[in-house]
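Novice: Can you read through this structure? Questions will come right after.
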Amino acid sequence: YQPTNLPIPHSPTMTTKQISLPVTGMTCVNCANTITRTLKRTDGVVAADVNYANERAEITYDPALLQPTALLKRIEEVGYGVAEATVELPIAGMTCANCAMTIERTLKRMDGVLEASASYASESAHVRYLPTMVTRGEMARRIGEIGYKVIETQAGAADVQGEAELTKLRMAELNDRKRRLIVGIVLSTIIMVLSMGHDFGLLPHIPARGWILLALTIPVQFWVGWPFLSSAWKAATKAHTANMDTLVALGSLAAFSYSVVVLVLNLDAHLYFESAAVIITLIMVGKYLEAKAKTQAGDAIRKLLSLQAKTARVVRGSVGDRPEQELELPIDQVEVNDVVIVRPGEKIPVDGIVLSGQSAVDESLVTGESLPVDKGPGDEVIGATINKSGSFRLRATKVGRDSALAQIVRMVQEAQGSRAPIQRLADRVASVFVPAVISLALIVFLAWYFVGGVDFTTAMLFAVSVLLISCPCALGLATPTAVMAGAGVGAENGILVKNAEVLETASRLSTVVLDKTGTITEGRPRVTDILNDEGGMMNDESGVRTPDSSFIIPPSSFIIPPSSFLRLAASAESVSEHPLGQAIVEAAKAEGLALSQPQAFQAVAGGGIIAAVDGHEVMVGTLRLLAERGVALNGLEQQVARLQGEAKTAMLVAIDGQAMGVIAVADTVKPTSREAIDQLHALGVQVIMLTGDNQRTAEAIAQQV
């Protein structure tokens with residue numbers, strides 16, 4: 001940022017604000033440059049950057065000199081729009097007109113609120129706001145903080161996130177371009193057949209052929225091509241500049257107007273209606289594909305947002321004689337320090353700290369770790385992760401835009417909107433490209449007509465060719481779309497791209513550091529070893545049983561065959577939602593074993609499970625669980641230690657009070673990992689594995705890949 005060209009003096013002590021405006025109506029990168037220049041010339045704007053790919057204007061401004069509504073007005077003055085929303089908030093607790101004024105002032109001070117008017121008579125507030133900056137829930141929360149209450153008109157009336165609003169706009173734009181494209185293709189095909197068929201003698205003479213071509217070309221020129229004509233007109237009259245659409249408009253209008261003159265004056269010259277129609281249709285193909293790419297790239301944001309829980313079970317304290325209540329609230333009504341109840345199988349609604357209860361939480365969304373993490377009082381939990389087993393209470397510490405998921409979403413948005421170094425070069429070229437092309441086309445026309453000695457028609461065709469062949473600037477259009485699509489695809493695959501420069505720099509990487517769990521490995525647990533009282537061991541990877549003389553268990557009161565041992569353990573785990581239990585169930589099913597339904601089942605948070613299966617008491621869990629229940633371990637501690645030393649999770653299985661064996665579960669290498677790492681080596685890239693596991697496991701995995 002260089003302050004030398006600012007219209008206002010810049011002081012280091014200046015208090016500035018930042019605002020992100022979703023801009024509509026842009027058709028090319030030059031539109032973004034036009035808006036950027038317009039904003040930078042506005043008094044009070046410190047910095048402005050408009051990105052065509054994600055259709056956002058990031059503006060830093062001085063609130064003492066400028067209000068957000070003035071920024072919207074400036075954008076609208078040059079022919080573009082800003083996606084905004086309105087909402088009617090029914091409010092309880094107002095007692096006089098002064099209450100309405102207080103609410104109105106409070107709303108107006110919120111970032112993202114453009115206009116607000118509260119009425120005591122109707123007990124409501126009408127708000128015009130930017131959905132990408134503030135939500136209905138945040139407005140309701142702010143009103144609640146000053147002593148009033150927004151009434152929910154329907155269950156789960158949480159405000160639609162800004163991305164949802166932009167999705168509607170993008171889908172509407174996509175559908176509009178699709179309709180125009182279909183009409184353009186149909187009419188342009190007919191126009192070409194009539195024109196070329198006549199020129200090459202493939203069609204008989206058609207009376208009034210020229211007038212038929214004119215009638216077919218008019219809707220292509222002025223309806224299908226309206227976005228280009230409108231954009232060029234706005235650029236010329238509102239911003240006093242030219243953009244990529246100017247080239248399309250000038251080229252197609254030149255061919256169309258010339259053909260109309262020839263037709264009306266009945267001159268003996270060629271008609272170029274097909275040129276005007278086809279160039280518009282071809283450019284519309286590109287615009288449609290571009291709009292589709294932007295819509296698909298936005299899917300990454302929507303998928304991330306969809307991971308969030310929709311509601312939360314909040315405990316609100318007693319008031320007077322009213323006891324403590326459990327309320328099912330929309331997620332955006334949860335406040336910091338609220339106590340939230342989370343039950344087994346539910347998504348954790350907000351970031352928080354566990355107050356009471358025990359559970360195992362699947363945090364693979366954030367960490368990539370496949371195995372659930374045990375949580376107890378004092379442990380932090382992350383919103384949108386999944387509670388697998390027990391229930392607990394948490395105190396909310398971060399809600400709304402401060403949550404971990406919201407920060408991930410924001411990072412993806414910033415990456416999609418950032419500019420690669422090559423794109424900044426393209427933008428600078430684009431700003432002078434259009435005037436240069438128009439000037440060159442004029443020079444070509446004059447040179448051929450006055451110096452080259454050709455007729456007017458030929459000189460005009462050469463000039464039009466210069467306009468059309470130069471449009472659009474592929475780099476200016478393709479680069480931002482490619483960056484946006486790349487960041488979007490990365491997010492869908494769990495890869496967060498910091499910014500566009502990272503994507504461009506990736507081609508020069510010399511070293512890649514990979515996490516082990518979920519990257520090199522499958523990221524989900526799988527049974528690897530089964531040890532039972534027969535003194536045998538099954539290695540699930542090889543599918544064979546081999547003697548293990550070191551594994552000796554004193555005879556129990558009954559003998560459990562290996563298949564029954566696994567069947568009983570899997571049957572006990574069949575109603576468990578824990579991934580370790582599910583891994584045992586999958587192993588039993590792979591052996592073709594028929595499982596029984598447990599007659600009784602108890603999950604012990606952080607310990608394991610106890611179940612009644614076919615008249616047997618089956619216990620599957622940790623050393624601690626068996627010790628607490630008084631079960632003799634029969635020397636299995638050494639086997640557990642050995643398996644844990646190999647970074648496997650070892651679960652003891654006790655049947656009717658006797659420890660009968662061990663089942664080991666671990667993450668396994670992905671079948672594609674070795675090939676991927678070989679390809680990186682072939683590119684000359686050094687590959688490093690980074691893991692929190694022990695040295696033996698790290699070396700074993702490294703050897704496999």
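Ordering of the structure tokens sets the chain letters (A, B, ...), residue numbers begin anew at 1 in every chain, and ligands are numbered from 1 in the order given.
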Within 12 Å of A:Val261, counting only C-alpha atoms, which residues show up once you throw out same-chain ones fewer than 4 positions away? Write them as a PyMOL selection string, please.

Specialist: chain A and resi 210-211+214+253-257+265-273+457

Novice: Please compute the atom CA of A:Phe433-atom CA of A:Cys28 distance, one decimal, in Å.

Specialist: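 Those two atoms sit 12.9 Å apart.
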
Novice: Please determine, counting only C-alpha atoms, which residue among A:Leu442, A:Ile530, A:Ala588, A:Leu305 has the shortest atom-to-atom distance to A:Ala491.

Specialist: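 Comparing A:Leu442, A:Ile530, A:Ala588, A:Leu305 against A:Ala491, the winner is A:Leu305.
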
Novice: According to DSSP computed on the backbone, where in stretch 15-244 of chain A is there alpha helix (DSSP H)? Give the residues as a PyMOL selection string.

Specialist: chain A and resi 29-40+68-77+97-108+136-145+162-199+209-219+226-237+244

Novice: Applying 9 Å and only C-alpha atoms, which residues near stretch 169-183 of chain A remain after dropping the ones on its own chain fewer than 3 positions away? List them as a ChimeraX atom specification.

Specialist: /A:24,83,164-166,186-188,219-220,223-225,281-282,284-285,287-289,291-292,294-295

Novice: Counting only C-alpha atoms, figure out which residue out of A:Ser389, A:Leu229, A:Leu468, A:Ile382 gets nearest to A:Gln407.

Specialist: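 Using only C-alpha atoms, the shortest distance to A:Gln407 belongs to A:Ile382.
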
Novice: DSSP on the backbone, then: every residue of stretch 571-695 of chain A marked strand (DSSP E or B), written as an MDAnalysis selection string.

Specialist: chainID A and resid 600:604 608:613 616:621 632 649:655 658:669 686:690

Novice: Which residue out of A:Asp351, A:Asp515, A:Glu328, A:Glu55 has the minimum interatomic distance to A:Tyr80 when only C-alpha atoms are used?

Specialist: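 Of A:Asp351, A:Asp515, A:Glu328, A:Glu55, the one nearest A:Tyr80, counting only C-alpha atoms, is A:Glu55.
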